[in-house]
Every structure is written in structure tokens, then in C-alpha cells.
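> File name data-v1.cif; file contents mmCIF, C-alpha atoms; full text below.
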data_final
loop_
_atom_site.label_atom_id
_atom_site.label_comp_id
_atom_site.auth_asym_id
_atom_site.auth_seq_id
_atom_site.Cartn_x
_atom_site.Cartn_y
_atom_site.Cartn_z
CA MET A 536 -77.35 -0.50 -11.57
CA ALA A 537 -79.81 0.55 -14.25
CA PRO A 538 -81.57 -2.27 -16.14
CA GLY A 539 -79.89 -3.11 -19.42
CA PHE A 540 -76.59 -1.42 -18.46
CA ARG A 541 -73.70 -3.32 -20.04
CA VAL A 542 -70.59 -4.11 -17.97
CA LEU A 543 -67.37 -4.24 -20.00
CA THR A 544 -64.23 -6.13 -19.16
CA VAL A 545 -60.92 -4.31 -19.21
CA SER A 546 -59.84 -6.06 -22.39
CA GLN A 547 -63.15 -5.20 -24.06
CA LEU A 548 -62.72 -1.56 -23.15
CA CYS A 549 -59.15 -1.46 -24.43
CA ARG A 550 -60.14 -3.21 -27.64
CA TYR A 551 -63.01 -0.76 -28.14
CA VAL A 552 -60.84 2.31 -27.60
CA ARG A 553 -58.20 0.88 -29.93
CA SER A 554 -60.78 0.37 -32.65
CA LEU A 555 -62.02 3.93 -32.22
CA LEU A 556 -58.48 5.26 -32.62
CA GLU A 557 -57.61 3.13 -35.61
CA GLU A 558 -60.90 3.98 -37.37
CA GLN A 559 -60.11 7.68 -37.27
CA LYS A 560 -58.92 8.61 -40.74
CA THR A 561 -56.95 11.57 -39.46
CA LEU A 562 -54.96 9.28 -37.16
CA GLU A 563 -54.24 6.53 -39.69
CA ASP A 564 -51.20 8.29 -41.13
CA ILE A 565 -49.92 11.23 -39.13
CA MET A 566 -46.58 12.98 -38.63
CA VAL A 567 -45.61 14.18 -35.18
CA LYS A 568 -42.59 16.32 -34.18
CA GLY A 569 -40.81 15.93 -30.87
CA GLU A 570 -37.61 14.90 -29.05
CA VAL A 571 -36.59 11.27 -28.67
CA SER A 572 -36.36 9.83 -25.18
CA ASN A 573 -36.34 6.42 -23.50
CA LEU A 574 -34.83 4.87 -26.62
CA THR A 575 -34.47 1.07 -26.51
CA LEU A 576 -33.56 -1.34 -29.31
CA HIS A 577 -34.81 -4.83 -28.47
CA ARG A 578 -31.93 -7.14 -29.38
CA ALA A 579 -34.01 -10.29 -29.79
CA THR A 580 -36.79 -8.90 -32.00
CA GLY A 581 -35.10 -5.87 -33.53
CA HIS A 582 -38.07 -3.65 -32.57
CA LEU A 583 -37.34 -0.04 -31.57
CA TYR A 584 -39.16 1.42 -28.58
CA PHE A 585 -38.97 5.11 -27.69
CA SER A 586 -41.00 8.17 -26.80
CA ILE A 587 -41.30 11.59 -28.37
CA ARG A 588 -41.90 14.54 -26.14
CA ASP A 589 -42.13 18.28 -25.95
CA ASP A 590 -42.70 20.70 -23.11
CA GLY A 591 -46.36 19.76 -22.80
CA GLY A 592 -46.61 16.03 -23.40
CA LEU A 593 -45.17 12.65 -24.27
CA VAL A 594 -46.21 9.86 -26.63
CA LYS A 595 -44.87 6.31 -26.60
CA CYS A 596 -43.78 4.85 -29.92
CA VAL A 597 -42.99 1.42 -31.31
CA MET A 598 -41.24 0.76 -34.61
CA PHE A 599 -41.19 -2.84 -35.73
CA SER A 600 -37.99 -4.39 -37.05
CA SER A 601 -39.12 -4.42 -40.71
CA TYR A 602 -39.32 -0.60 -40.60
CA VAL A 603 -36.21 -0.20 -38.41
CA GLN A 604 -34.14 -1.95 -41.08
CA ARG A 605 -35.12 0.73 -43.60
CA LEU A 606 -33.65 3.55 -41.52
CA GLN A 607 -30.33 4.86 -42.72
CA GLU A 608 -29.41 5.84 -39.15
CA LEU A 609 -31.01 5.09 -35.81
CA PRO A 610 -32.19 8.11 -33.81
CA GLU A 611 -30.39 8.97 -30.58
CA GLU A 612 -31.57 10.09 -27.19
CA GLY A 613 -32.50 13.79 -27.30
CA ASP A 614 -32.70 14.05 -31.10
CA ALA A 615 -35.42 16.22 -32.58
CA VAL A 616 -37.36 14.10 -35.11
CA ILE A 617 -40.52 13.87 -37.16
CA VAL A 618 -42.13 10.45 -36.90
CA ARG A 619 -44.72 9.12 -39.29
CA GLY A 620 -47.13 6.50 -38.07
CA MET A 621 -50.55 5.46 -36.88
CA ALA A 622 -52.22 6.18 -33.54
CA THR A 623 -53.31 3.10 -31.62
CA LEU A 624 -53.69 1.62 -28.15
CA TYR A 625 -51.50 -1.09 -26.69
CA GLU A 626 -54.14 -3.22 -25.01
CA GLN A 627 -51.89 -5.09 -22.54
CA SER A 628 -51.03 -1.86 -20.73
CA GLY A 629 -53.85 0.37 -21.92
CA SER A 630 -51.22 2.81 -23.24
CA PHE A 631 -51.75 5.21 -26.10
CA GLN A 632 -48.93 4.89 -28.62
CA LEU A 633 -47.85 5.40 -32.19
CA LYS A 634 -46.95 2.61 -34.58
CA VAL A 635 -44.10 4.33 -36.38
CA TYR A 636 -43.24 3.65 -40.01
CA ASP A 637 -40.52 6.23 -40.51
CA VAL A 638 -38.30 8.62 -38.54
CA GLN A 639 -36.82 11.77 -40.05
CA PRO A 640 -34.11 13.55 -38.03
CA LEU A 641 -34.29 17.29 -37.41
CA GLY A 642 -31.03 17.55 -35.45
CA GLU A 643 -30.41 17.91 -31.76
CA GLY A 644 -33.48 18.62 -29.65
CA GLN A 645 -33.80 21.69 -27.47
CA GLY A 646 -33.99 19.66 -24.28
CA ARG A 647 -30.77 17.88 -25.12
CA ARG A 648 -29.10 21.17 -26.05
CA ASP A 649 -30.20 22.72 -22.76
CA LEU A 650 -28.89 19.73 -20.79
CA GLU A 651 -25.53 19.80 -22.57
CA ALA A 652 -25.24 23.54 -22.04
CA LEU A 653 -25.92 23.08 -18.32
CA LYS A 654 -23.31 20.31 -18.11
CA GLN A 655 -20.72 22.50 -19.82
CA ARG A 656 -21.41 25.41 -17.49
CA LEU A 657 -21.19 23.26 -14.37
CA TYR A 658 -18.01 21.68 -15.71
CA ARG A 659 -16.41 25.10 -16.21
CA GLU A 660 -17.39 26.05 -12.66
CA GLY A 661 -15.51 23.00 -11.39
CA LEU A 662 -18.46 21.03 -9.99
CA PHE A 663 -17.32 17.86 -11.78
CA ARG A 664 -13.66 18.06 -10.70
CA GLN A 665 -12.42 14.84 -9.17
CA GLU A 666 -10.14 16.63 -6.71
CA ARG A 667 -13.19 18.40 -5.26
CA LYS A 668 -14.83 15.14 -4.32
CA ARG A 669 -14.43 13.70 -0.85
CA PRO A 670 -13.73 10.09 0.12
CA MET A 671 -16.40 8.05 1.85
CA PRO A 672 -16.00 7.56 5.61
CA PRO A 673 -14.59 4.06 6.20
CA PHE A 674 -16.83 3.28 9.20
CA PRO A 675 -19.84 5.63 9.29
CA ASP A 676 -22.02 5.60 12.40
CA THR A 677 -25.03 7.21 10.71
CA VAL A 678 -25.99 7.47 7.04
CA GLY A 679 -28.78 9.60 5.64
CA VAL A 680 -30.97 8.01 2.95
CA ILE A 681 -32.78 10.52 0.73
CA THR A 682 -35.41 8.75 -1.33
CA SER A 683 -39.10 8.05 -1.65
CA ARG A 684 -41.10 6.20 1.01
CA GLU A 685 -42.84 4.08 -1.59
CA GLY A 686 -39.89 3.09 -3.80
CA ALA A 687 -37.80 -0.06 -3.51
CA ALA A 688 -34.58 1.94 -3.23
CA LEU A 689 -34.89 2.36 0.56
CA GLN A 690 -35.44 -1.35 1.15
CA ASP A 691 -32.55 -2.25 -1.17
CA ILE A 692 -30.18 -0.08 0.89
CA VAL A 693 -31.47 -1.50 4.18
CA LYS A 694 -31.03 -5.05 2.90
CA ALA A 695 -27.48 -4.28 1.78
CA PHE A 696 -26.55 -3.06 5.26
CA ARG A 697 -28.18 -6.06 6.93
CA ARG A 698 -26.49 -8.49 4.58
CA ARG A 699 -23.08 -7.00 5.36
CA GLY A 700 -23.74 -7.29 9.10
CA TYR A 701 -22.53 -3.76 9.84
CA GLY A 702 -24.20 -1.96 12.73
CA CYS A 703 -24.84 1.45 11.19
CA ARG A 704 -27.86 3.66 11.82
CA LEU A 705 -29.86 4.70 8.76
CA ILE A 706 -32.01 7.83 8.86
CA HIS A 707 -34.61 8.18 6.12
CA TYR A 708 -35.30 11.67 4.79
CA PRO A 709 -38.34 11.18 2.54
CA CYS A 710 -38.77 13.09 -0.69
CA THR A 711 -40.36 12.91 -4.11
CA VAL A 712 -38.05 11.40 -6.73
CA GLN A 713 -40.17 11.84 -9.87
CA GLY A 714 -41.99 14.68 -11.50
CA ALA A 715 -41.69 18.43 -11.63
CA SER A 716 -41.63 18.81 -7.84
CA ALA A 717 -38.89 16.21 -7.34
CA PRO A 718 -35.78 18.48 -7.51
CA ALA A 719 -37.08 20.88 -4.86
CA SER A 720 -38.23 17.94 -2.69
CA VAL A 721 -34.80 16.30 -2.84
CA CYS A 722 -33.12 19.61 -1.96
CA ARG A 723 -35.42 20.04 1.07
CA ALA A 724 -34.61 16.53 2.31
CA LEU A 725 -30.88 17.19 1.87
CA ARG A 726 -31.12 20.44 3.82
CA ALA A 727 -33.05 18.68 6.59
CA MET A 728 -30.24 16.15 6.92
CA GLU A 729 -27.62 18.93 7.01
CA GLU A 730 -29.51 20.83 9.72
CA GLU A 731 -29.74 17.77 11.98
CA GLY A 732 -26.01 17.15 11.63
CA LEU A 733 -26.24 13.47 12.58
CA CYS A 734 -24.91 11.81 9.43
CA GLN A 735 -21.39 11.19 8.20
CA ALA A 736 -22.57 10.44 4.63
CA ALA A 737 -25.71 10.63 2.50
CA VAL A 738 -27.28 8.60 -0.29
CA ILE A 739 -29.66 10.08 -2.84
CA ALA A 740 -31.41 7.10 -4.39
CA ARG A 741 -34.19 5.93 -6.65
CA GLY A 742 -34.69 2.85 -8.77
CA GLY A 743 -34.55 2.65 -12.54
CA GLY A 744 -36.91 4.46 -14.84
CA SER A 745 -37.23 6.33 -18.07
CA ASN A 746 -35.20 9.42 -18.89
CA GLU A 747 -38.23 11.51 -18.00
CA ASP A 748 -38.43 9.78 -14.64
CA LEU A 749 -34.76 10.52 -13.98
CA SER A 750 -34.80 14.07 -15.32
CA ALA A 751 -35.34 15.43 -11.80
CA PHE A 752 -31.69 14.60 -11.08
CA ASN A 753 -30.45 16.86 -13.88
CA ASP A 754 -31.56 19.91 -11.91
CA GLU A 755 -29.11 22.82 -11.50
CA ALA A 756 -30.21 23.78 -7.99
CA LEU A 757 -29.82 20.18 -6.82
CA ALA A 758 -26.30 20.07 -8.27
CA TYR A 759 -25.26 23.13 -6.25
CA GLN A 760 -26.97 21.79 -3.12
CA VAL A 761 -25.03 18.52 -3.35
CA CYS A 762 -21.74 20.38 -3.80
CA ARG A 763 -22.42 22.48 -0.70
CA CYS A 764 -23.36 19.47 1.43
CA PRO A 765 -20.97 19.18 4.41
CA VAL A 766 -20.79 15.36 4.19
CA PRO A 767 -19.96 13.11 1.20
CA VAL A 768 -22.91 12.30 -1.04
CA VAL A 769 -23.45 9.08 -2.99
CA SER A 770 -25.62 9.15 -6.09
CA ALA A 771 -27.60 5.94 -6.61
CA VAL A 772 -30.10 6.92 -9.26
CA GLY A 773 -31.37 4.59 -11.97
CA HIS A 774 -29.42 1.69 -13.36
CA GLU A 775 -25.79 1.32 -14.35
CA VAL A 776 -26.27 2.77 -17.84
CA ASP A 777 -28.13 5.82 -16.55
CA TYR A 778 -26.04 8.96 -15.97
CA SER A 779 -27.37 12.24 -14.61
CA ILE A 780 -25.88 15.53 -13.49
CA LEU A 781 -26.26 14.28 -9.92
CA ASP A 782 -23.92 11.38 -10.78
CA LEU A 783 -21.32 13.87 -12.03
CA VAL A 784 -21.38 16.20 -9.01
CA ALA A 785 -21.78 13.60 -6.26
CA ASP A 786 -18.70 12.49 -4.34
CA ALA A 787 -19.32 8.91 -5.47
CA ARG A 788 -21.66 7.13 -7.85
CA ALA A 789 -23.26 3.74 -7.28
CA ALA A 790 -24.85 1.86 -10.16
CA THR A 791 -27.87 0.90 -8.01
CA PRO A 792 -29.22 1.65 -4.51
CA THR A 793 -27.98 -1.79 -3.43
CA ALA A 794 -24.50 -0.91 -4.64
CA ALA A 795 -24.70 2.36 -2.68
CA GLY A 796 -25.41 0.42 0.51
CA GLU A 797 -22.47 -1.87 -0.17
CA LEU A 798 -20.25 1.14 -0.91
CA LEU A 799 -20.94 2.76 2.47
CA CYS A 800 -21.21 -0.42 4.49
CA PRO A 801 -18.00 -2.32 5.24
CA ASP A 802 -18.28 -6.07 4.76
CA ARG A 803 -18.07 -7.64 8.23
CA GLU A 804 -16.47 -10.84 6.95
CA ALA A 805 -14.00 -8.85 4.87
CA LEU A 806 -13.15 -6.72 7.91
CA LEU A 807 -12.60 -9.83 10.02
CA GLU A 808 -10.35 -11.26 7.33
CA GLN A 809 -8.46 -7.97 7.14
CA VAL A 810 -8.06 -7.96 10.94
CA ARG A 811 -6.75 -11.53 10.78
CA ARG A 812 -4.23 -10.61 8.09
CA LEU A 813 -3.17 -7.52 10.05
CA ARG A 814 -2.70 -9.60 13.20
CA GLU A 815 -0.55 -12.05 11.30
CA ALA A 816 1.43 -9.19 9.76
CA VAL A 817 1.91 -7.55 13.19
CA ALA A 818 2.95 -10.88 14.74
CA THR A 819 5.40 -11.54 11.91
CA ALA A 820 6.79 -8.01 12.15
CA ALA A 821 7.07 -8.30 15.94
CA GLU A 822 8.88 -11.65 15.69
CA GLY A 823 11.24 -10.25 13.09
CA GLN A 824 11.91 -7.17 15.18
CA LEU A 825 12.44 -9.35 18.28
CA ARG A 826 14.93 -11.52 16.39
CA ARG A 827 16.77 -8.43 15.16
CA ARG A 828 16.88 -6.98 18.69
CA GLU A 829 18.15 -10.31 20.06
CA GLN A 830 20.88 -10.34 17.44
CA ARG A 831 21.78 -6.74 18.26
CA LEU A 832 21.80 -7.62 21.99
CA GLU A 833 24.09 -10.60 21.40
CA GLN A 834 26.36 -8.43 19.29
CA SER A 835 26.40 -5.75 21.99
CA ILE A 836 27.19 -8.37 24.64
CA ARG A 837 30.07 -9.62 22.55
CA LEU A 838 31.36 -6.08 22.06
CA LEU A 839 31.00 -5.27 25.76
CA SER A 840 32.64 -8.56 26.70
CA ALA A 841 35.51 -7.81 24.34
CA ARG A 842 35.92 -4.35 25.92
CA SER A 843 35.29 -5.30 29.56
CA PRO A 844 38.09 -4.72 32.17
CA ARG A 845 38.19 -8.43 33.01
CA GLN A 846 38.62 -9.30 29.36
CA ARG A 847 41.29 -6.66 28.97
CA VAL A 848 43.06 -7.94 32.13
CA GLU A 849 42.86 -11.48 30.84
CA LYS A 850 44.14 -10.45 27.46
CA ASN A 851 46.96 -8.42 29.05
CA ARG A 852 47.74 -11.31 31.40
CA GLN A 853 48.05 -13.64 28.44
CA ARG A 854 50.21 -11.09 26.67
CA LEU A 855 52.34 -10.67 29.80
CA GLU A 856 52.80 -14.43 30.06
CA TYR A 857 53.79 -14.47 26.41
CA LEU A 858 56.27 -11.65 26.92
CA VAL A 859 57.64 -13.35 30.05
CA ARG A 860 58.10 -16.54 28.06
CA LEU A 861 59.85 -14.57 25.34
CA LEU A 862 62.04 -12.82 27.92
CA TRP A 863 62.76 -16.09 29.71
CA ASP A 864 63.59 -17.78 26.46
CA ALA A 865 65.80 -14.85 25.51
CA GLU A 866 67.51 -14.81 28.93
CA LYS A 867 67.75 -18.57 28.93
CA GLY A 868 69.51 -18.36 25.56
CA LYS A 869 71.81 -15.69 26.86
CA LEU A 870 72.47 -17.70 30.04
CA SER A 871 73.23 -20.77 28.01
CA ALA A 872 75.60 -18.76 25.84
CA LEU A 873 77.26 -17.30 28.96
CA GLU A 874 77.57 -20.77 30.48
CA GLY A 875 79.24 -22.02 27.34
CA GLN A 876 81.53 -19.01 27.27
CA THR A 877 82.31 -19.47 30.96
CA LEU A 878 83.16 -23.13 30.44
CA HIS A 879 85.34 -22.14 27.53
CA LEU A 880 87.08 -19.52 29.65
CA LEU A 881 87.43 -21.97 32.52
CA ARG A 882 89.00 -24.45 30.20
CA GLN A 883 91.35 -21.75 28.97
CA LEU A 884 92.10 -20.72 32.55
CA GLU A 885 92.68 -24.31 33.38
CA LEU A 886 95.13 -24.52 30.57
CA LEU A 887 96.86 -21.33 31.77
CA ASN A 888 96.80 -22.31 35.48
CA PRO A 889 100.42 -22.60 36.76
CA ALA A 890 99.40 -25.31 39.14
CA ALA A 891 98.25 -27.41 36.25
CA VAL A 892 101.57 -26.85 34.52
CA MET A 893 103.45 -27.64 37.67
CA ARG A 894 101.54 -30.87 38.10
CA LYS A 895 103.12 -31.89 34.84
CA GLY A 896 106.58 -31.36 36.37
CA TRP A 897 107.11 -27.67 35.84
CA SER A 898 108.01 -25.20 38.61
CA ILE A 899 108.26 -21.46 39.12
CA ALA A 900 111.23 -19.64 40.58
CA LEU A 901 110.67 -16.51 42.62
CA ARG A 902 113.23 -13.97 43.90
CA GLU A 903 112.04 -11.42 46.31
CA GLY A 904 108.45 -12.25 45.24
CA LYS A 905 109.08 -11.74 41.57
CA THR A 906 109.04 -14.48 38.97
CA VAL A 907 112.47 -15.33 37.63
CA THR A 908 112.35 -16.16 33.95
CA THR A 909 116.03 -15.65 33.09
CA VAL A 910 119.42 -15.96 34.80
CA GLU A 911 120.19 -12.38 34.08
CA GLY A 912 120.49 -10.45 37.31
CA LEU A 913 121.07 -13.56 39.45
CA ALA A 914 124.24 -14.12 41.41
CA PRO A 915 125.64 -16.87 43.67
CA GLY A 916 124.55 -16.57 47.23
CA GLN A 917 121.11 -15.25 46.39
CA GLU A 918 118.04 -17.08 47.68
CA LEU A 919 115.37 -18.44 45.29
CA THR A 920 111.97 -19.75 46.13
CA THR A 921 110.83 -22.56 43.85
CA LEU A 922 107.11 -23.21 43.63
CA LEU A 923 106.17 -26.83 43.04
CA ALA A 924 102.82 -28.49 42.58
CA ASP A 925 102.53 -29.41 46.23
CA GLY A 926 104.67 -26.78 47.89
CA GLU A 927 107.79 -24.61 47.65
CA VAL A 928 111.52 -24.99 48.13
CA VAL A 929 113.90 -22.23 49.35
CA SER A 930 117.44 -22.59 48.07
CA THR A 931 120.72 -20.58 47.75
CA ILE A 932 122.33 -20.05 44.39
CA ARG A 933 125.85 -21.58 44.26
CA VAL A 934 126.49 -21.35 40.54
CA CYS A 935 124.73 -19.20 37.97
CA ARG A 936 125.40 -20.07 34.29
CA ARG A 937 123.70 -18.85 31.12
CA LYS A 938 122.63 -21.52 28.68
CA GLU A 939 124.81 -21.69 25.67
CA GLU A 940 123.03 -20.57 22.59
#
Would you kindly transcribe this structure into C-alpha cells?

Amino acid sequence: MAPGFRVLTVSQLCRYVRSLLEEQKTLEDIMVKGEVSNLTLHRATGHLYFSIRDDGGLVKCVMFSSYVQRLQELPEEGDAVIVRGMATLYEQSGSFQLKVYDVQPLGEGQGRRDLEALKQRLYREGLFRQERKRPMPPFPDTVGVITSREGAALQDIVKAFRRRGYGCRLIHYPCTVQGASAPASVCRALRAMEEEGLCQAAVIARGGGSNEDLSAFNDEALAYQVCRCPVPVVSAVGHEVDYSILDLVADARAATPTAAGELLCPDREALLEQVRRLREAVATAAEGQLRRREQRLEQSIRLLSARSPRQRVEKNRQRLEYLVRLLWDAEKGKLSALEGQTLHLLRQLELLNPAAVMRKGWSIALREGKTVTTVEGLAPGQELTTLLADGEVVSTIRVCRRKEE
């Protein structure tokens, strides 16, 4: 080191450069035209942070809350504006920036118009249609991770898979995720994954960043490449509020790389719980079906028993016994009636029996075997046979007289 050479600290250098910038009269009050990007309104302080850019460069800007309050309308991302301010250096980061006092809108910037035009064209071609998008595989064996080697996105995805305890193989296809070469690099990595044919799904990932950092994922060629990919693609670019064309054409969008890992990786504990619930449901269904089959079997047994020959014989036997009893009762009634009638007839016969009459002292006269009931035709000298209760008497008629009337 040469004698007398002064060594500066970083803060001294930054302070010196800042003083040089702020001492330049031409930079004390300047107006710069460009498109707004990376717009952030700090809620606590009210300061507005943004950048203005064109095709060749970018300048960071800060507008303190006292000046923000004077604006009639806050600028929006992609607006073309003219800012008025002072060139300076932010010492903590060594960044060149403008302290902005005023912002005048010029309308929509060309970059924003180009992006909206591209979105509209891709929309008309059907690249954003929901019905075109494919579902994620429920249990992928291999997942391709397309991201930078240096970024945290890869580690976030790996940690998500490890935390879920799911044994899935991850294949890293490295690429550049920032800058002008990023779109072509991502497309090459995606093609490499397709050619190997080992993956059931893919994740294109990078962490958060400015709109310029994420602009690589608004590329038209990348959009078509993702649509042609033979496996479902998950977009995990930026943070939750960041949306790119890749998010719109991908089969699924994850707010962060960690969320992408969780989307593709089934939760082991959740799967075990689901298996437990399914086992319980199967057991319950099986028990219910078994009970129903037992009931149907018992019903069938009852029906078969009711229709069996033995049952029919038994039923017919019982019916036969019943009919026999009815017939017996009917015949018994008839027999009883006949017995009564017979007794009645016997009594009548008894009353009409000549022997009974003769026992009372009556007799019957017979001539030549015929009953004599009158004296007409009888003459003396004829023989009569008189029947008595205990015998008969044969006599000769001596006198025959008719009873006087």
C-alpha cells in the first residue's frame, strides 16, 4: 500500500458518494419519466416505495408520507408517470434512489399494456381455461422441481415433503429464475424433465421478489411450454399476492414453494386418520350388511319352513283332524237324533204292539189266519183261534150274534 493512501470505511464511502450526488445542481430537482413497478405503501409510516423503469434501466424511489398525502391519486403498478425529485444515495444499502416530491400520471405504461395484451391473447386461445387444467396425482412417486440451485425455494419444498413424512422422490432440474435469460432457462429445464419421463408432476418455483424479478414468469414461450407439458405443473412463484402468467396457465397455483410441497405431498398423519375412518366405515357397513343378510336369511328360513312338505303335512294333518272332529260331531249329532227318533218309534211300536194290548186283557180272534174284527161272515160251527198274551185258544162258534146298536 502506497504511503499516505487513505482507507475508507463503507459508510464513509456511501456518505461521500451521497454528498457528491446531492451537491450536483442538476440533480437537486429533476423530472424523470418511466413506468411504476414494485409499488409498496408502508402502512405504519405512510411512505411510498416504488421503482420507475424503462427498457434500459430502473431507479428506486421513495416518497415520504408528507408528500404522499398531497397526491390526489396514488400511482398503480405499470402506470406511466413523471416523477419530480432529488437524486441521492441510501447509505444503508448503498442504493442509488430518488427522493420524490411529486408524481404526475401519464396513463398506462407500455410494459403494462403489452402484458395485458398478452394475457388477453392467451385467454382467447384457451390457455387459462379451468377445464383444460389437470388434477394433481394423489400419491406421486416422483416430482420434478424446476428452480434455482441457490434459492431457498428448493429447500422449502424439500422441508415440506420431509415434514409430511411422505416417501416421494424429488428430482431437481436447475435453471435461472431471474433476469433476461430466465424464461429460456426454465423452458430448457422443463423439457429436460419431459424427456426423462420420470415424474408424475412438476413444480416451477422461486421465492418472492420484485415485479422485475418475477417478470421472467410472464413469458409467452414459457406459457405454451407449460400447457404442452405431459404432467400437471404447479406454479409456486413469489408470494401470495404475486400473480404471473405462469400462475394462470399452470394446472395449480401455490402461494409459496412450501405450499407447493404441501399440495403435492399427502400428509402422512392425515392419510392414517383417513385410513382409520375408512376402516371404521367399512366395518360399520360390513356389520350392517351382515345384519341385513341375517335378517333376510331368517326370513327365508321362515318362508321355506312355512312352505316345506313337513309343514304342509302337519298343517293338512291338523286340518284333517279338524275336519274329522267336525264330521264326527256332525255324525254324532245325527246319531243322537236317530237314537232319539228310534226310541220314539220304539215307544210308538210298543204302544201299537198287540202283545202289549193283550197283556192288558185284550185278545185277537183269527179265522183261517185272518184277523176277525166283526161278526159279519161268521157262522155257528166255525173254528176261531183266539190269541192271548201267553198263548192261543181254539174254539167252535155255537152262537153268532151282532151287537145291538
> Residues at most 9 Å from Glu557 of chain A, counting all atoms listed in the file, excluding those fewer than 6 positions away in the same chain, as an MDAnalysis selection string?
chainID A and resid 563 621:624
> For Thr931 of chain A, list every protein, DNA or RNA residue within 9 Å, evaluated using all atoms listed in the file, and leave out those in the same chain fewer than 2 positions away; present the list as a count of residues only.
8
> If the PyMOL selection byres ((chain A and resi 698) around 10) is run on the structure shown, which residues does it catch, given as a list of chain:residue names?
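Against this file, the PyMOL selection byres ((chain A and resi 698) around 10) returns the residues A:Ile692, A:Val693, A:Lys694, A:Ala695, A:Phe696, A:Arg697, A:Arg699, A:Gly700, A:Tyr701, A:Gly796, A:Glu797, A:Cys800, A:Asp802, A:Arg803.
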> With the PyMOL selection byres ((chain A and resi 596) around 7) as the selection, what would be picked from this file? Answer as number ranges by chain, please.
A: 584-586, 594-595, 597-598, 632-635
> Please write the residues from the selection above to a file, keeping C-alpha atoms, as a compact mmCIF listing (two decimals), in the coordinates of the input.

# COMPACT_ATOMS: atom_id res chain seq x y z
CA TYR A 584 -39.16 1.42 -28.58
CA PHE A 585 -38.97 5.11 -27.69
CA SER A 586 -41.00 8.17 -26.80
CA VAL A 594 -46.21 9.86 -26.63
CA LYS A 595 -44.87 6.31 -26.60
CA VAL A 597 -42.99 1.42 -31.31
CA MET A 598 -41.24 0.76 -34.61
CA GLN A 632 -48.93 4.89 -28.62
CA LEU A 633 -47.85 5.40 -32.19
CA LYS A 634 -46.95 2.61 -34.58
CA VAL A 635 -44.10 4.33 -36.38
> Of the candidates A:Asp637, A:Asp676, A:Glu822, A:Glu903, which one gets nearest to Pro801 of chain A if we count only C-alpha atoms?
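Checking each candidate against Pro801 of chain A, we get A:Asp676 as the closest.
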> Identify which of the residues A:Val784, A:Leu825, A:Val680, A:Val910 lies closest to Tyr658 of chain A, counting all atoms listed in the file when measuring atom-to-atom distances.
A:Val784
> What lies within 10 Å of segment 599-611 of chain A using all atoms listed in the file, ignoring chain neighbours under 3 positions off, as a list of chain:residue names?
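Near neighbours after the sequence-gap exclusion: A:Glu570, A:Val571, A:Ser572, A:Asn573, A:Leu574, A:Thr575, A:Leu576, A:His577, A:Thr580, A:Gly581, A:His582, A:Leu583, A:Tyr584, A:Phe585, A:Cys596, A:Asp614, A:Ala615, A:Val616, A:Lys634, A:Val635, A:Tyr636, A:Asp637, A:Val638, A:Gln639, A:Pro640, A:Gly642, A:Glu643.
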> By how many Å are atom CA of Gly592 of chain A and atom CA of Ile780 of chain A apart?
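About the pair atom CA of Gly592 of chain A and atom CA of Ile780 of chain A: they are 23.0 Å apart.
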> Give the answer as one residue: which of A:Leu641, A:Val810, A:Leu838, A:Ile681 has the shortest atom-to-atom distance to Val768 of chain A, using all atoms listed in the file?
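That would be A:Ile681, the residue with the smallest distance to Val768 of chain A.
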> Check which residues satisfy the PyMOL selection byres ((chain A and resi 709) around 7) in the file shown, then give them as a list of chain:residue names.
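The output of the PyMOL selection byres ((chain A and resi 709) around 7) on this file is A:Ile681, A:Thr682, A:Ser683, A:Arg684, A:His707, A:Tyr708, A:Cys710, A:Ala724.
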> Work out how far apart atom CA of Asp589 of chain A and atom CA of Lys568 of chain A are and give it in Å to one decimal.
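Computing it gives 8.5 Å between the two atoms.
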> Nearest residue to Leu799 of chain A out of A:Trp863, A:Tyr759, A:Phe752, A:Phe674, using only C-alpha atoms?
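Smallest distance to Leu799 of chain A is found for A:Phe674.
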> When you get a chance, write out N, CA, C and O atoms for segment 854-865 of chain A, as a tab-separated table (two decimals), in the frame of the given file.

chain	number	residue	atom	x	y	z
A	854	ARG	N	49.10	-11.74	27.37
A	854	ARG	CA	50.21	-11.09	26.67
A	854	ARG	C	51.45	-11.02	27.55
A	854	ARG	O	52.58	-11.21	27.09
A	855	LEU	N	51.21	-10.74	28.87
A	855	LEU	CA	52.34	-10.67	29.80
A	855	LEU	C	53.04	-12.02	29.90
A	855	LEU	O	54.28	-12.11	29.91
A	856	GLU	N	52.22	-13.09	30.00
A	856	GLU	CA	52.80	-14.43	30.06
A	856	GLU	C	53.62	-14.71	28.80
A	856	GLU	O	54.70	-15.31	28.87
A	857	TYR	N	53.07	-14.26	27.67
A	857	TYR	CA	53.79	-14.47	26.41
A	857	TYR	C	55.12	-13.71	26.42
A	857	TYR	O	56.18	-14.24	26.04
A	858	LEU	N	55.04	-12.45	26.87
A	858	LEU	CA	56.27	-11.65	26.92
A	858	LEU	C	57.27	-12.23	27.92
A	858	LEU	O	58.49	-12.22	27.68
A	859	VAL	N	56.75	-12.73	29.07
A	859	VAL	CA	57.64	-13.35	30.05
A	859	VAL	C	58.33	-14.57	29.46
A	859	VAL	O	59.53	-14.79	29.66
A	860	ARG	N	57.50	-15.37	28.71
A	860	ARG	CA	58.10	-16.54	28.06
A	860	ARG	C	59.17	-16.11	27.06
A	860	ARG	O	60.25	-16.72	26.98
A	861	LEU	N	58.83	-15.05	26.28
A	861	LEU	CA	59.85	-14.57	25.34
A	861	LEU	C	61.10	-14.10	26.07
A	861	LEU	O	62.24	-14.41	25.65
A	862	LEU	N	60.89	-13.32	27.16
A	862	LEU	CA	62.04	-12.82	27.92
A	862	LEU	C	62.83	-13.97	28.55
A	862	LEU	O	64.08	-13.98	28.52
A	863	TRP	N	62.09	-14.94	29.09
A	863	TRP	CA	62.76	-16.09	29.71
A	863	TRP	C	63.55	-16.86	28.68
A	863	TRP	O	64.69	-17.26	28.93
A	864	ASP	N	62.88	-17.06	27.52
A	864	ASP	CA	63.59	-17.78	26.46
A	864	ASP	C	64.83	-17.02	26.02
A	864	ASP	O	65.91	-17.61	25.78
A	865	ALA	N	64.64	-15.65	25.91
A	865	ALA	CA	65.80	-14.85	25.51
A	865	ALA	C	66.90	-14.91	26.57
A	865	ALA	O	68.09	-15.08	26.27
